[in-house]
>>> print(open('target35.txt').read())   # compact mmCIF, C-alpha atoms (C1' of nucleotides)
# COMPACT_ATOMS: atom_id res chain seq x y z
CA MET A 18 2.37 -30.54 43.34
CA ARG A 19 2.19 -32.36 40.07
CA THR A 20 -0.68 -30.47 38.48
CA GLN A 21 0.43 -26.93 39.09
CA HIS A 22 3.95 -27.41 37.84
CA GLU A 23 2.94 -29.63 34.98
CA ILE A 24 0.37 -27.21 33.65
CA GLY A 25 2.66 -24.28 34.31
CA THR A 26 5.74 -25.41 32.45
CA ARG A 27 3.87 -27.18 29.66
CA GLU A 28 1.64 -24.20 29.06
CA ARG A 29 4.60 -21.84 29.13
CA ILE A 30 6.35 -23.91 26.48
CA VAL A 31 3.27 -24.04 24.24
CA ARG A 32 2.59 -20.33 24.54
CA THR A 33 6.20 -19.44 23.83
CA THR A 34 6.31 -21.75 20.82
CA SER A 35 3.08 -20.30 19.47
CA ARG A 36 4.31 -16.74 19.80
CA LEU A 37 7.73 -17.48 18.31
CA MET A 38 6.35 -19.41 15.36
CA GLN A 39 3.78 -16.69 14.79
CA ARG A 40 6.62 -14.22 14.34
CA GLN A 41 9.36 -16.33 12.77
CA GLY A 42 7.66 -19.40 11.38
CA TYR A 43 8.33 -23.06 11.98
CA GLU A 44 11.81 -23.52 10.56
CA ALA A 45 13.37 -20.38 11.97
CA THR A 46 12.24 -21.19 15.50
CA GLY A 47 14.76 -23.38 17.30
CA LEU A 48 14.10 -25.59 20.30
CA LYS A 49 16.90 -23.88 22.17
CA GLN A 50 15.27 -20.50 21.70
CA ILE A 51 11.95 -21.92 22.82
CA SER A 52 13.38 -23.49 25.96
CA GLN A 53 15.26 -20.33 26.85
CA GLU A 54 12.36 -17.92 26.38
CA ALA A 55 9.98 -20.29 28.14
CA ARG A 56 12.39 -20.64 31.06
CA ALA A 57 12.49 -24.39 30.62
CA THR A 58 15.27 -26.77 29.70
CA LEU A 59 15.54 -28.97 26.68
CA GLY A 60 14.91 -31.91 28.96
CA SER A 61 11.58 -30.45 29.98
CA VAL A 62 10.60 -29.79 26.39
CA TYR A 63 11.23 -33.38 25.38
CA HIS A 64 9.61 -34.62 28.56
CA PHE A 65 6.32 -32.94 27.70
CA PHE A 66 6.60 -33.32 23.93
CA PRO A 67 8.34 -36.60 23.10
CA GLY A 68 7.44 -36.06 19.46
CA GLY A 69 9.89 -33.18 19.38
CA LYS A 70 9.51 -30.08 17.28
CA ARG A 71 6.64 -31.41 15.18
CA GLU A 72 4.45 -32.29 18.12
CA LEU A 73 5.27 -28.94 19.65
CA ALA A 74 4.28 -27.14 16.45
CA VAL A 75 0.97 -28.99 16.31
CA GLU A 76 0.25 -27.94 19.88
CA ALA A 77 1.25 -24.36 19.07
CA VAL A 78 -1.12 -24.25 16.11
CA ARG A 79 -3.92 -25.61 18.31
CA HIS A 80 -3.14 -22.91 20.82
CA GLY A 81 -3.35 -20.27 18.09
CA ASP A 82 -6.62 -21.84 16.98
CA THR A 83 -8.34 -21.39 20.35
CA GLU A 84 -6.71 -17.99 20.82
CA PHE A 85 -8.21 -16.56 17.62
CA ALA A 86 -11.48 -18.39 18.23
CA GLU A 87 -11.84 -16.62 21.55
CA PHE A 88 -11.07 -13.34 19.84
CA LEU A 89 -13.83 -13.98 17.31
CA ARG A 90 -16.31 -15.10 19.97
CA ALA A 91 -15.66 -11.98 22.02
CA ALA A 92 -16.15 -9.70 19.01
CA PHE A 93 -19.36 -11.50 18.05
CA ASP A 94 -20.73 -11.23 21.58
CA ARG A 95 -20.05 -7.52 21.67
CA GLU A 96 -21.91 -6.73 18.44
CA ASP A 97 -25.32 -8.02 17.58
CA ASP A 98 -25.19 -7.30 13.88
CA PRO A 99 -22.84 -9.68 11.98
CA ALA A 100 -21.64 -7.05 9.51
CA ALA A 101 -20.82 -4.60 12.29
CA ALA A 102 -19.07 -7.36 14.23
CA ILE A 103 -16.87 -8.18 11.24
CA VAL A 104 -15.93 -4.53 10.83
CA ALA A 105 -14.99 -4.45 14.51
CA CYS A 106 -12.92 -7.60 14.03
CA ALA A 107 -10.94 -6.05 11.20
CA ARG A 108 -10.39 -2.90 13.23
CA ASP A 109 -9.18 -4.82 16.29
CA LEU A 110 -6.89 -6.99 14.20
CA ALA A 111 -5.31 -3.89 12.69
CA LYS A 112 -4.90 -2.36 16.13
CA GLY A 113 -3.23 -5.47 17.56
CA LEU A 114 -0.98 -5.79 14.54
CA ARG A 115 0.19 -2.19 14.75
CA GLU A 116 0.71 -2.33 18.51
CA SER A 117 2.95 -5.38 18.13
CA GLY A 118 5.18 -3.45 15.76
CA TRP A 119 3.65 -5.33 12.80
CA LEU A 120 5.10 -8.58 14.13
CA ASP A 121 2.11 -10.57 15.39
CA GLY A 122 0.09 -11.63 12.38
CA CYS A 123 -2.11 -14.69 12.26
CA PRO A 124 -0.73 -17.22 14.77
CA VAL A 125 -1.36 -20.11 12.39
CA THR A 126 -0.75 -18.97 8.82
CA THR A 127 3.04 -18.83 8.72
CA THR A 128 3.48 -22.27 10.22
CA ALA A 129 0.69 -23.65 8.05
CA LEU A 130 2.21 -22.38 4.81
CA GLU A 131 5.67 -23.63 5.65
CA SER A 132 4.48 -27.14 6.36
CA ALA A 133 1.76 -27.47 3.73
CA GLY A 134 2.47 -30.65 1.83
CA ARG A 135 5.49 -31.48 3.99
CA VAL A 136 4.27 -32.03 7.56
CA PRO A 137 0.74 -33.45 7.39
CA GLU A 138 0.08 -33.26 11.14
CA ILE A 139 0.68 -29.51 11.20
CA GLN A 140 -1.30 -28.95 8.02
CA GLN A 141 -4.20 -30.90 9.56
CA ALA A 142 -4.09 -28.79 12.73
CA ALA A 143 -4.14 -25.63 10.63
CA GLU A 144 -7.06 -26.89 8.56
CA ASN A 145 -8.96 -27.62 11.77
CA ALA A 146 -8.29 -24.09 12.94
CA TYR A 147 -9.66 -22.47 9.77
CA GLU A 148 -12.67 -24.77 9.85
CA ASN A 149 -13.24 -23.86 13.49
CA TRP A 150 -13.15 -20.14 12.75
CA ARG A 151 -15.45 -20.51 9.75
CA THR A 152 -17.97 -22.33 11.92
CA LEU A 153 -18.01 -19.44 14.37
CA VAL A 154 -18.71 -16.95 11.57
CA ARG A 155 -21.28 -19.22 10.01
CA ASP A 156 -23.18 -19.64 13.27
CA LYS A 157 -23.18 -15.92 13.83
CA LEU A 158 -24.71 -15.44 10.39
CA THR A 159 -27.33 -18.16 10.66
CA ARG A 160 -28.38 -16.87 14.07
CA ALA A 161 -28.89 -13.50 12.37
CA GLY A 162 -31.27 -15.10 9.90
CA PHE A 163 -29.06 -15.84 6.89
CA ALA A 164 -29.77 -18.99 4.89
CA ASP A 165 -27.49 -21.94 5.55
CA ASP A 166 -25.75 -22.03 2.16
CA VAL A 167 -25.29 -18.27 2.10
CA ALA A 168 -23.82 -18.31 5.60
CA HIS A 169 -21.53 -21.19 4.66
CA ASP A 170 -20.07 -19.34 1.68
CA LEU A 171 -19.85 -16.02 3.48
CA ALA A 172 -17.96 -17.64 6.36
CA HIS A 173 -15.34 -18.84 3.90
CA SER A 174 -14.84 -15.41 2.40
CA VAL A 175 -14.88 -13.57 5.71
CA ILE A 176 -12.07 -15.68 7.12
CA ASN A 177 -10.13 -15.70 3.86
CA MET A 178 -10.40 -11.96 3.35
CA LEU A 179 -9.38 -11.22 6.93
CA GLU A 180 -6.47 -13.63 6.52
CA GLY A 181 -5.31 -12.04 3.28
CA ALA A 182 -5.80 -8.52 4.55
CA GLU A 183 -3.84 -9.21 7.73
CA LEU A 184 -1.01 -10.66 5.69
CA SER A 185 -1.06 -7.62 3.42
CA ALA A 186 -1.24 -5.23 6.36
CA GLN A 187 1.72 -6.92 7.99
CA VAL A 188 3.90 -6.82 4.91
CA SER A 189 3.05 -3.22 4.06
CA GLN A 190 2.95 -2.15 7.71
CA SER A 191 -0.34 -0.37 7.14
CA GLU A 192 -3.81 -0.69 8.62
CA ALA A 193 -5.44 0.17 5.30
CA PRO A 194 -5.90 -3.39 3.96
CA LEU A 195 -7.77 -4.46 7.08
CA GLU A 196 -9.89 -1.32 7.17
CA ILE A 197 -10.90 -1.83 3.56
CA ALA A 198 -11.51 -5.53 4.14
CA GLY A 199 -13.91 -4.78 6.99
CA ARG A 200 -15.82 -2.31 4.87
CA HIS A 201 -16.07 -4.62 1.85
CA LEU A 202 -17.04 -7.65 3.92
CA ALA A 203 -19.84 -5.70 5.58
CA ARG A 204 -21.07 -4.62 2.15
CA LEU A 205 -20.92 -8.19 0.90
CA VAL A 206 -22.83 -9.52 3.90
CA ASP A 207 -25.44 -6.79 3.64
CA SER A 208 -25.97 -7.60 -0.03
CA TYR A 209 -27.47 -10.94 1.03
CA ARG A 210 -30.08 -9.50 3.38
CA MET B 11 29.64 -17.11 -25.19
CA ARG B 12 29.33 -14.99 -22.07
CA THR B 13 25.76 -13.83 -22.42
CA GLN B 14 24.12 -17.15 -23.14
CA HIS B 15 25.80 -19.01 -20.32
CA GLU B 16 25.50 -16.13 -17.85
CA ILE B 17 21.80 -15.63 -18.36
CA GLY B 18 21.22 -19.34 -18.47
CA THR B 19 22.80 -20.28 -15.16
CA ARG B 20 21.68 -17.18 -13.31
CA GLU B 21 18.11 -17.56 -14.49
CA ARG B 22 18.11 -21.25 -13.65
CA ILE B 23 19.21 -20.47 -10.10
CA VAL B 24 16.56 -17.78 -9.65
CA ARG B 25 13.77 -19.94 -11.03
CA THR B 26 14.77 -22.91 -8.89
CA THR B 27 14.98 -20.75 -5.79
CA SER B 28 11.59 -19.23 -6.48
CA ARG B 29 9.96 -22.62 -6.94
CA LEU B 30 11.61 -24.15 -3.87
CA MET B 31 10.79 -21.21 -1.61
CA GLN B 32 7.24 -21.20 -2.93
CA ARG B 33 6.87 -24.78 -1.72
CA GLN B 34 9.07 -24.88 1.36
CA GLY B 35 9.59 -21.31 2.42
CA TYR B 36 12.78 -19.36 2.98
CA GLU B 37 14.31 -21.12 5.97
CA ALA B 38 13.66 -24.68 4.83
CA THR B 39 15.31 -24.08 1.47
CA GLY B 40 19.04 -24.69 1.58
CA LEU B 41 21.65 -23.35 -0.80
CA LYS B 42 22.88 -26.87 -1.43
CA GLN B 43 19.43 -27.98 -2.53
CA ILE B 44 19.14 -24.93 -4.76
CA SER B 45 22.50 -25.50 -6.42
CA GLN B 46 21.76 -29.19 -6.97
CA GLU B 47 18.30 -28.73 -8.45
CA ALA B 48 19.48 -25.82 -10.59
CA ARG B 49 22.40 -27.90 -11.84
CA ALA B 50 24.84 -25.26 -10.64
CA THR B 51 27.55 -25.35 -8.03
CA LEU B 52 27.81 -23.38 -4.82
CA GLY B 53 30.59 -21.41 -6.44
CA SER B 54 28.26 -20.29 -9.21
CA VAL B 55 25.56 -19.34 -6.76
CA TYR B 56 27.89 -17.08 -4.80
CA HIS B 57 29.40 -15.77 -8.00
CA PHE B 58 26.03 -14.46 -9.22
CA PHE B 59 24.65 -13.62 -5.78
CA PRO B 60 27.45 -12.36 -3.53
CA GLY B 61 24.83 -11.35 -0.97
CA GLY B 62 24.14 -15.02 -0.37
CA LYS B 63 20.79 -16.45 0.56
CA ARG B 64 19.13 -13.12 1.27
CA GLU B 65 19.98 -11.61 -2.09
CA LEU B 66 18.84 -14.82 -3.72
CA ALA B 67 15.53 -14.68 -1.86
CA VAL B 68 14.94 -11.09 -2.93
CA GLU B 69 15.52 -12.09 -6.53
CA ALA B 70 13.21 -15.07 -6.14
CA VAL B 71 10.44 -12.87 -4.77
CA ARG B 72 10.90 -10.46 -7.68
CA HIS B 73 10.65 -13.40 -10.03
CA GLY B 74 7.41 -14.50 -8.38
CA ASP B 75 6.19 -10.93 -8.66
CA THR B 76 6.54 -10.77 -12.43
CA GLU B 77 5.30 -14.33 -12.79
CA PHE B 78 1.99 -13.61 -11.08
CA ALA B 79 1.77 -10.20 -12.76
CA GLU B 80 1.93 -11.90 -16.14
CA PHE B 81 -0.76 -14.33 -15.03
CA LEU B 82 -3.00 -11.42 -14.05
CA ARG B 83 -2.33 -9.51 -17.24
CA ALA B 84 -3.14 -12.55 -19.35
CA ALA B 85 -6.41 -13.14 -17.50
CA PHE B 86 -7.38 -9.48 -17.83
CA ASP B 87 -6.62 -9.48 -21.53
CA ARG B 88 -8.78 -12.53 -22.10
CA GLU B 89 -11.87 -11.10 -20.39
CA ASP B 90 -13.25 -7.65 -21.02
CA ASP B 91 -15.44 -7.46 -17.94
CA PRO B 92 -13.41 -7.04 -14.71
CA ALA B 93 -15.74 -9.16 -12.59
CA ALA B 94 -15.66 -12.00 -15.09
CA ALA B 95 -11.89 -11.72 -15.32
CA ILE B 96 -11.56 -12.05 -11.55
CA VAL B 97 -13.76 -15.13 -11.53
CA ALA B 98 -11.55 -16.61 -14.23
CA CYS B 99 -8.47 -15.77 -12.17
CA ALA B 100 -9.82 -17.62 -9.16
CA ARG B 101 -10.72 -20.61 -11.29
CA ASP B 102 -7.30 -20.76 -12.92
CA LEU B 103 -5.54 -20.40 -9.58
CA ALA B 104 -7.55 -23.31 -8.20
CA LYS B 105 -6.73 -25.38 -11.26
CA GLY B 106 -3.01 -24.70 -11.02
CA LEU B 107 -3.00 -25.40 -7.31
CA ARG B 108 -4.76 -28.74 -7.69
CA GLU B 109 -2.59 -29.79 -10.62
CA SER B 110 0.55 -29.17 -8.59
CA GLY B 111 -0.69 -31.52 -5.89
CA TRP B 112 -1.63 -28.53 -3.72
CA LEU B 113 2.04 -27.57 -3.48
CA ASP B 114 2.38 -24.40 -5.55
CA GLY B 115 0.58 -21.63 -3.72
CA CYS B 116 1.46 -17.97 -4.00
CA PRO B 117 5.14 -17.72 -4.94
CA VAL B 118 5.66 -14.78 -2.59
CA THR B 119 3.50 -15.23 0.49
CA THR B 120 5.41 -17.92 2.36
CA THR B 121 8.75 -16.17 2.03
CA ALA B 122 7.14 -12.83 2.84
CA LEU B 123 5.54 -14.06 6.05
CA GLU B 124 8.70 -15.76 7.24
CA SER B 125 10.82 -12.68 6.84
CA ALA B 126 8.30 -10.00 7.85
CA GLY B 127 9.98 -7.90 10.49
CA ARG B 128 13.22 -9.87 10.26
CA VAL B 129 14.64 -9.41 6.76
CA PRO B 130 13.63 -5.95 5.53
CA GLU B 131 14.93 -6.43 1.98
CA ILE B 132 12.69 -9.44 1.41
CA GLN B 133 9.72 -7.77 3.04
CA GLN B 134 10.23 -4.77 0.77
CA ALA B 135 10.34 -6.96 -2.32
CA ALA B 136 7.12 -8.66 -1.23
CA GLU B 137 5.42 -5.33 -0.60
CA ASN B 138 6.44 -4.19 -4.07
CA ALA B 139 4.91 -7.36 -5.50
CA TYR B 140 1.54 -6.84 -3.82
CA GLU B 141 1.55 -3.20 -4.83
CA ASN B 142 2.32 -4.20 -8.39
CA TRP B 143 -0.55 -6.69 -8.53
CA ARG B 144 -2.96 -4.21 -6.96
CA THR B 145 -2.06 -1.66 -9.61
CA LEU B 146 -2.90 -4.14 -12.35
CA VAL B 147 -6.34 -4.79 -10.83
CA ARG B 148 -6.90 -1.10 -10.24
CA ASP B 149 -6.09 -0.20 -13.82
CA LYS B 150 -8.41 -2.89 -15.11
CA LEU B 151 -11.21 -1.43 -13.00
CA THR B 152 -10.63 2.20 -13.90
CA ARG B 153 -10.47 1.28 -17.58
CA ALA B 154 -13.90 -0.31 -17.10
CA GLY B 155 -15.24 2.97 -15.77
CA PHE B 156 -14.98 2.60 -12.01
CA ALA B 157 -14.13 5.68 -9.96
CA ASP B 158 -10.53 6.01 -8.80
CA ASP B 159 -11.13 5.59 -5.07
CA VAL B 160 -13.53 2.69 -5.62
CA ALA B 161 -11.02 0.96 -7.88
CA HIS B 162 -8.23 1.56 -5.37
CA ASP B 163 -10.12 -0.10 -2.53
CA LEU B 164 -11.44 -2.93 -4.68
CA ALA B 165 -7.93 -3.71 -5.89
CA HIS B 166 -6.85 -4.19 -2.27
CA SER B 167 -9.67 -6.58 -1.51
CA VAL B 168 -9.39 -8.52 -4.75
CA ILE B 169 -5.73 -9.31 -4.14
CA ASN B 170 -6.22 -9.95 -0.43
CA MET B 171 -9.20 -12.23 -0.94
CA LEU B 172 -7.44 -14.21 -3.66
CA GLU B 173 -4.39 -14.46 -1.42
CA GLY B 174 -6.41 -15.67 1.57
CA ALA B 175 -8.49 -18.04 -0.51
CA GLU B 176 -5.45 -19.59 -2.14
CA LEU B 177 -3.87 -20.11 1.26
CA SER B 178 -7.09 -21.69 2.52
CA ALA B 179 -7.43 -23.84 -0.59
CA GLN B 180 -3.87 -25.06 -0.22
CA VAL B 181 -4.23 -25.99 3.45
CA SER B 182 -7.59 -27.70 3.00
CA GLN B 183 -6.65 -29.15 -0.39
CA SER B 184 -9.93 -27.98 -1.86
CA GLU B 185 -10.90 -25.68 -4.70
CA ALA B 186 -13.96 -24.44 -2.81
CA PRO B 187 -12.39 -21.38 -1.13
CA LEU B 188 -11.18 -20.01 -4.47
CA GLU B 189 -14.47 -20.75 -6.22
CA ILE B 190 -16.38 -18.92 -3.50
CA ALA B 191 -13.88 -16.06 -3.51
CA GLY B 192 -14.34 -15.53 -7.24
CA ARG B 193 -18.10 -15.48 -6.87
CA HIS B 194 -18.07 -13.05 -3.94
CA LEU B 195 -15.51 -10.74 -5.50
CA ALA B 196 -17.60 -10.49 -8.66
CA ARG B 197 -20.65 -9.67 -6.55
CA LEU B 198 -18.69 -7.03 -4.65
CA VAL B 199 -17.37 -5.44 -7.83
CA ASP B 200 -20.80 -5.46 -9.44
CA SER B 201 -22.28 -3.76 -6.38
CA TYR B 202 -20.29 -0.63 -7.30
CA ARG B 203 -21.59 -0.34 -10.85
C1' DT C 17 12.54 -43.38 56.21
C1' DC C 18 12.96 -44.67 51.94
C1' DA C 19 11.72 -45.90 47.31
C1' DT C 20 9.32 -43.79 43.49
C1' DC C 21 8.61 -40.99 39.72
C1' DA C 22 7.45 -36.68 37.51
C1' DC C 23 10.35 -33.24 36.32
C1' DT C 24 14.67 -30.52 35.69
C1' DA C 25 19.25 -30.03 33.89
C1' DG C 26 22.60 -29.68 30.29
C1' DA C 27 26.51 -32.15 27.98
C1' DA C 28 27.17 -34.42 23.72
C1' DC C 29 26.05 -36.40 19.00
C1' DG C 30 25.80 -36.53 14.03
C1' DA C 31 23.93 -33.91 10.45
C1' DA C 32 23.05 -29.88 8.04
C1' DC C 33 23.41 -25.04 7.70
C1' DG C 34 25.41 -20.54 5.23
C1' DC C 35 29.51 -19.19 3.70
C1' DT C 36 34.68 -18.88 2.42
C1' DC C 37 38.38 -20.36 0.05
C1' DT C 38 41.49 -22.08 -3.48
C1' DA C 39 41.91 -24.39 -7.78
C1' DT C 40 40.50 -25.05 -12.39
C1' DC C 41 38.38 -24.19 -16.83
C1' DC C 42 38.00 -21.72 -21.12
C1' DA C 43 36.68 -18.09 -24.56
C1' DG C 44 38.34 -13.38 -26.26
C1' DG C 45 41.93 -9.68 -26.79
C1' DC C 46 46.73 -8.63 -27.64
C1' DG D 3 50.76 -18.37 -27.67
C1' DC D 4 49.85 -16.18 -23.65
C1' DC D 5 47.13 -13.54 -20.55
C1' DT D 6 42.88 -12.03 -18.43
C1' DG D 7 38.85 -12.59 -16.00
C1' DG D 8 34.16 -14.47 -15.93
C1' DA D 9 32.42 -18.82 -14.62
C1' DT D 10 32.67 -23.47 -12.60
C1' DA D 11 33.92 -26.70 -9.07
C1' DG D 12 33.79 -28.55 -4.44
C1' DA D 13 36.44 -29.25 -0.06
C1' DG D 14 36.19 -27.35 4.32
C1' DC D 15 35.24 -23.60 7.84
C1' DG D 16 32.65 -22.58 12.20
C1' DT D 17 28.11 -22.72 13.82
C1' DT D 18 23.68 -24.29 14.85
C1' DC D 19 20.23 -27.63 14.32
C1' DG D 20 17.02 -31.48 16.43
C1' DT D 21 17.64 -35.09 19.22
C1' DT D 22 19.48 -38.37 22.71
C1' DC D 23 21.33 -39.52 26.93
C1' DT D 24 22.61 -39.74 31.74
C1' DA D 25 22.48 -37.52 36.08
C1' DG D 26 20.18 -35.14 39.55
C1' DT D 27 16.24 -32.99 42.26
C1' DG D 28 12.41 -32.96 45.31
C1' DA D 29 7.72 -33.88 46.61
C1' DT D 30 4.75 -37.98 47.47
C1' DG D 31 2.84 -42.31 49.39
C1' DA D 32 3.75 -46.53 51.79
>>> encode(input="target35.txt", output="C-alpha cells")
Amino acid sequence: MRTQHEIGTRERIVRTTSRLMQRQGYEATGLKQISQEARATLGSVYHFFPGGKRELAVEAVRHGDTEFAEFLRAAFDREDDPAAAIVACARDLAKGLRESGWLDGCPVTTTALESAGRVPEIQQAAENAYENWRTLVRDKLTRAGFADDVAHDLAHSVINMLEGAELSAQVSQSEAPLEIAGRHLARLVDSYR
Amino acid sequence: MRTQHEIGTRERIVRTTSRLMQRQGYEATGLKQISQEARATLGSVYHFFPGGKRELAVEAVRHGDTEFAEFLRAAFDREDDPAAAIVACARDLAKGLRESGWLDGCPVTTTALESAGRVPEIQQAAENAYENWRTLVRDKLTRAGFADDVAHDLAHSVINMLEGAELSAQVSQSEAPLEIAGRHLARLVDSYR
DNA sequence: TCATCACTAGAACGAACGCTCTATCCAGGC
DNA sequence: GCCTGGATAGAGCGTTCGTTCTAGTGATGA
C-alpha cells in the first residue's frame, strides 16, 4: 500500500500548497495552514519535503506550471486558428477568475515575484514555467504557418499580456482587461499573416 | 522645526517601505527592517502610521503610484509620437531593471498580488494606481488624435503588457520581454491610425 | 511471528513577527 | 522658567513562524 498512500498524501500537500500560495503568496502561507487544509500532519510534510517550505514552494510552482500548460493545450486543441484560440484563452481565464471570487489568479506569479532575487530555486521554477508556456504558444503559431522568429516574439507577448491582464483583472475585479487583451492579441497576431 | 523633521522622517519611512516591499513584497517586509533602514524607531513608525503595517503599505503603494506616474509623464513629454514614447518606456524600464540587479520591478505589483482579496485597502490603492497610469496613456493617445474608445482599450493593454513584460523580464533576468513588448505595442498602436 | 520501514502524529524550540507601552527629548507659547 | 505636545526611543507583550525531534502506527516480507 505504499504507492497509493504516498501519491495521495504527497499530491494533496502539493495541490494545497499551490492553491494557497496562488491566493496568498509564499510568505503568507504557513506550513501549519498547509498541513491542516491538506489533512496531513507536519510530520508528513517534512517526510515528503525534507527541504521544508522552499522545496514545497518549488513543487507548488511546478504544479502550477503543468496546470496552466494543460489549460493552454486544451484551448489550443479546441480552436484551430491561433488568434481565435488566444481570444478563447483570455475569455476562459476571465471566467475562472470571476468564478473564484477574483481570488485565483496565475498560480505562479505571486510566488515568483515574492522570491525573485531572494530564493533562486523558486525563481528558476517560475522561469521554467513561463518558458514552457511560451513554447506551447510558439508551437501553435509555427504549426499555423508563422515564421520562427515571429512566432518566438509573439509567444513572449501573448504570455506577458495575458499575465498582465489577469493581474489587472484580479486587482480591479473586472473581466475587461482580459477581454481587451484577447482582442488586441488577436489583432497583433493577425497583423503578421 | 516641526515641518522639516516631520516631513523628513515620515517621507523616509514611506520611501523605505515602498522600496522594500517592491523587492520583497508585503509579508516578507518587517516593521523592524523598515525602521532600521529608514533610520527611524518603531515608536516613530507607529506615531506617523497608527494603522500599523497596513496603513504603511497603502502609503507605500501610493508612493509607487506617483513614482511610476512621473516616469510615464516624463517619457511622454520627451516623445511626441505615442508609439515611440511607449517603446522608450519599455527600453527605460528594462534599463532600470537590469541596473538594479533585476530587483526593482513594478513598485506596486508584488504588494497588490499578495493582498488581493485579503487586504481591501491595499488592493484599492493598487487599483487606483493602475487606473491612474492608464489615464496617462489614454490622454497621450487622445491628444495624438486617437478615438476615445480606441485610446481607452489601448491604454489597458499598454499598461498590462508592460506590467507582464516587466514581471517576465525580472524572473528571467533578461531585457528581451520588454524589448519585444515595446515593439509589439507600437505595432498595435500604429494599426489603429 | 516478528523485524522493518514508510508514514503519521504532534509536542516543543528558538527566532521573528506586529504591536503596545512607558519614558524621554526638545522646541514654542505663556 | 515652566508647560505642552509632537517626536523619538526601545523594552517587552503575546503570537506565530519554520523547523526539529521523539514516539507511535500498520502493512509488508522473511
>>> residues_around(input="target35.txt", residues="range 25-41 of chain A", least_positions_apart="3", cutoff="10 Å", atoms="only C-alpha atoms (C1' of nucleotides)", output="PyMOL selection string")
(chain A and resi 19-22+44-48+50-58+61-62+64-66+70+73-81+119-128) or (chain B and resi 37+123-128) or (chain C and resi 23)
>>> write_last_selection(input="target35.txt", atoms="C-alpha atoms (C1' of nucleotides)", output="mmCIF file, in the coordinates of the input")
data_model
loop_
_atom_site.group_PDB
_atom_site.id
_atom_site.type_symbol
_atom_site.label_atom_id
_atom_site.label_comp_id
_atom_site.auth_asym_id
_atom_site.auth_seq_id
_atom_site.Cartn_x
_atom_site.Cartn_y
_atom_site.Cartn_z
ATOM 1 C CA ARG A 19 2.190 -32.360 40.070
ATOM 2 C CA THR A 20 -0.680 -30.470 38.480
ATOM 3 C CA GLN A 21 0.430 -26.930 39.090
ATOM 4 C CA HIS A 22 3.950 -27.410 37.840
ATOM 5 C CA GLU A 44 11.810 -23.520 10.560
ATOM 6 C CA ALA A 45 13.370 -20.380 11.970
ATOM 7 C CA THR A 46 12.240 -21.190 15.500
ATOM 8 C CA GLY A 47 14.760 -23.380 17.300
ATOM 9 C CA LEU A 48 14.100 -25.590 20.300
ATOM 10 C CA GLN A 50 15.270 -20.500 21.700
ATOM 11 C CA ILE A 51 11.950 -21.920 22.820
ATOM 12 C CA SER A 52 13.380 -23.490 25.960
ATOM 13 C CA GLN A 53 15.260 -20.330 26.850
ATOM 14 C CA GLU A 54 12.360 -17.920 26.380
ATOM 15 C CA ALA A 55 9.980 -20.290 28.140
ATOM 16 C CA ARG A 56 12.390 -20.640 31.060
ATOM 17 C CA ALA A 57 12.490 -24.390 30.620
ATOM 18 C CA THR A 58 15.270 -26.770 29.700
ATOM 19 C CA SER A 61 11.580 -30.450 29.980
ATOM 20 C CA VAL A 62 10.600 -29.790 26.390
ATOM 21 C CA HIS A 64 9.610 -34.620 28.560
ATOM 22 C CA PHE A 65 6.320 -32.940 27.700
ATOM 23 C CA PHE A 66 6.600 -33.320 23.930
ATOM 24 C CA LYS A 70 9.510 -30.080 17.280
ATOM 25 C CA LEU A 73 5.270 -28.940 19.650
ATOM 26 C CA ALA A 74 4.280 -27.140 16.450
ATOM 27 C CA VAL A 75 0.970 -28.990 16.310
ATOM 28 C CA GLU A 76 0.250 -27.940 19.880
ATOM 29 C CA ALA A 77 1.250 -24.360 19.070
ATOM 30 C CA VAL A 78 -1.120 -24.250 16.110
ATOM 31 C CA ARG A 79 -3.920 -25.610 18.310
ATOM 32 C CA HIS A 80 -3.140 -22.910 20.820
ATOM 33 C CA GLY A 81 -3.350 -20.270 18.090
ATOM 34 C CA TRP A 119 3.650 -5.330 12.800
ATOM 35 C CA LEU A 120 5.100 -8.580 14.130
ATOM 36 C CA ASP A 121 2.110 -10.570 15.390
ATOM 37 C CA GLY A 122 0.090 -11.630 12.380
ATOM 38 C CA CYS A 123 -2.110 -14.690 12.260
ATOM 39 C CA PRO A 124 -0.730 -17.220 14.770
ATOM 40 C CA VAL A 125 -1.360 -20.110 12.390
ATOM 41 C CA THR A 126 -0.750 -18.970 8.820
ATOM 42 C CA THR A 127 3.040 -18.830 8.720
ATOM 43 C CA THR A 128 3.480 -22.270 10.220
ATOM 44 C CA GLU B 37 14.310 -21.120 5.970
ATOM 45 C CA LEU B 123 5.540 -14.060 6.050
ATOM 46 C CA GLU B 124 8.700 -15.760 7.240
ATOM 47 C CA SER B 125 10.820 -12.680 6.840
ATOM 48 C CA ALA B 126 8.300 -10.000 7.850
ATOM 49 C CA GLY B 127 9.980 -7.900 10.490
ATOM 50 C CA ARG B 128 13.220 -9.870 10.260
ATOM 51 C "C1'" DC C 23 10.350 -33.240 36.320
#
>>> closest_atom_pairs(input="target35.txt", of="chain D", to="chain A", cutoff="12 Å", atoms="all atoms listed in the file", output="Markdown table")
| residue | atom | partner | partner_atom | distance |
| --- | --- | --- | --- | --- |
| D:DT18 | C1' | A:Gly47 | CA | 9.3 |
| D:DC19 | C1' | A:Gly47 | CA | 7.5 |
| D:DG20 | C1' | A:Leu48 | CA | 7.6 |
| D:DT21 | C1' | A:Gly69 | CA | 8.0 |
| D:DT22 | C1' | A:Tyr63 | CA | 10.0 |
| D:DC23 | C1' | A:Gly60 | CA | 10.2 |
| D:DT24 | C1' | A:Gly60 | CA | 11.3 |
| D:DA25 | C1' | A:Gly60 | CA | 11.8 |
| D:DG28 | C1' | A:Met18 | CA | 10.5 |
| D:DA29 | C1' | A:Met18 | CA | 7.1 |
| D:DT30 | C1' | A:Met18 | CA | 8.8 |
>>> axis_aligned_box(input="target35.txt", around="range 162-175 of chain A", padding_each_side="5 Å", output="lines of an AutoDock Vina configuration file")
center_x = -23.1
center_y = -17.8
center_z = 5.8
size_x = 26.4
size_y = 18.5
size_z = 18.2
>>> atom_distance(input="target35.txt", atom1="CA of Glu176 in chain B", atom2="CA of Gly42 in chain A")
18.8 Å
>>> closest_atom_pairs(input="target35.txt", of="chain C", to="chain A", cutoff="10 Å", atoms="all atoms listed in the file", output="JSON lines")
{"residue": "C:DA22", "atom": "C1'", "partner": "A:Arg19", "partner_atom": "CA", "distance": 7.3}
{"residue": "C:DC23", "atom": "C1'", "partner": "A:Ser61", "partner_atom": "CA", "distance": 7.0}
{"residue": "C:DT24", "atom": "C1'", "partner": "A:Ser61", "partner_atom": "CA", "distance": 6.5}
{"residue": "C:DA25", "atom": "C1'", "partner": "A:Thr58", "partner_atom": "CA", "distance": 6.6}
{"residue": "C:DG26", "atom": "C1'", "partner": "A:Thr58", "partner_atom": "CA", "distance": 7.9}
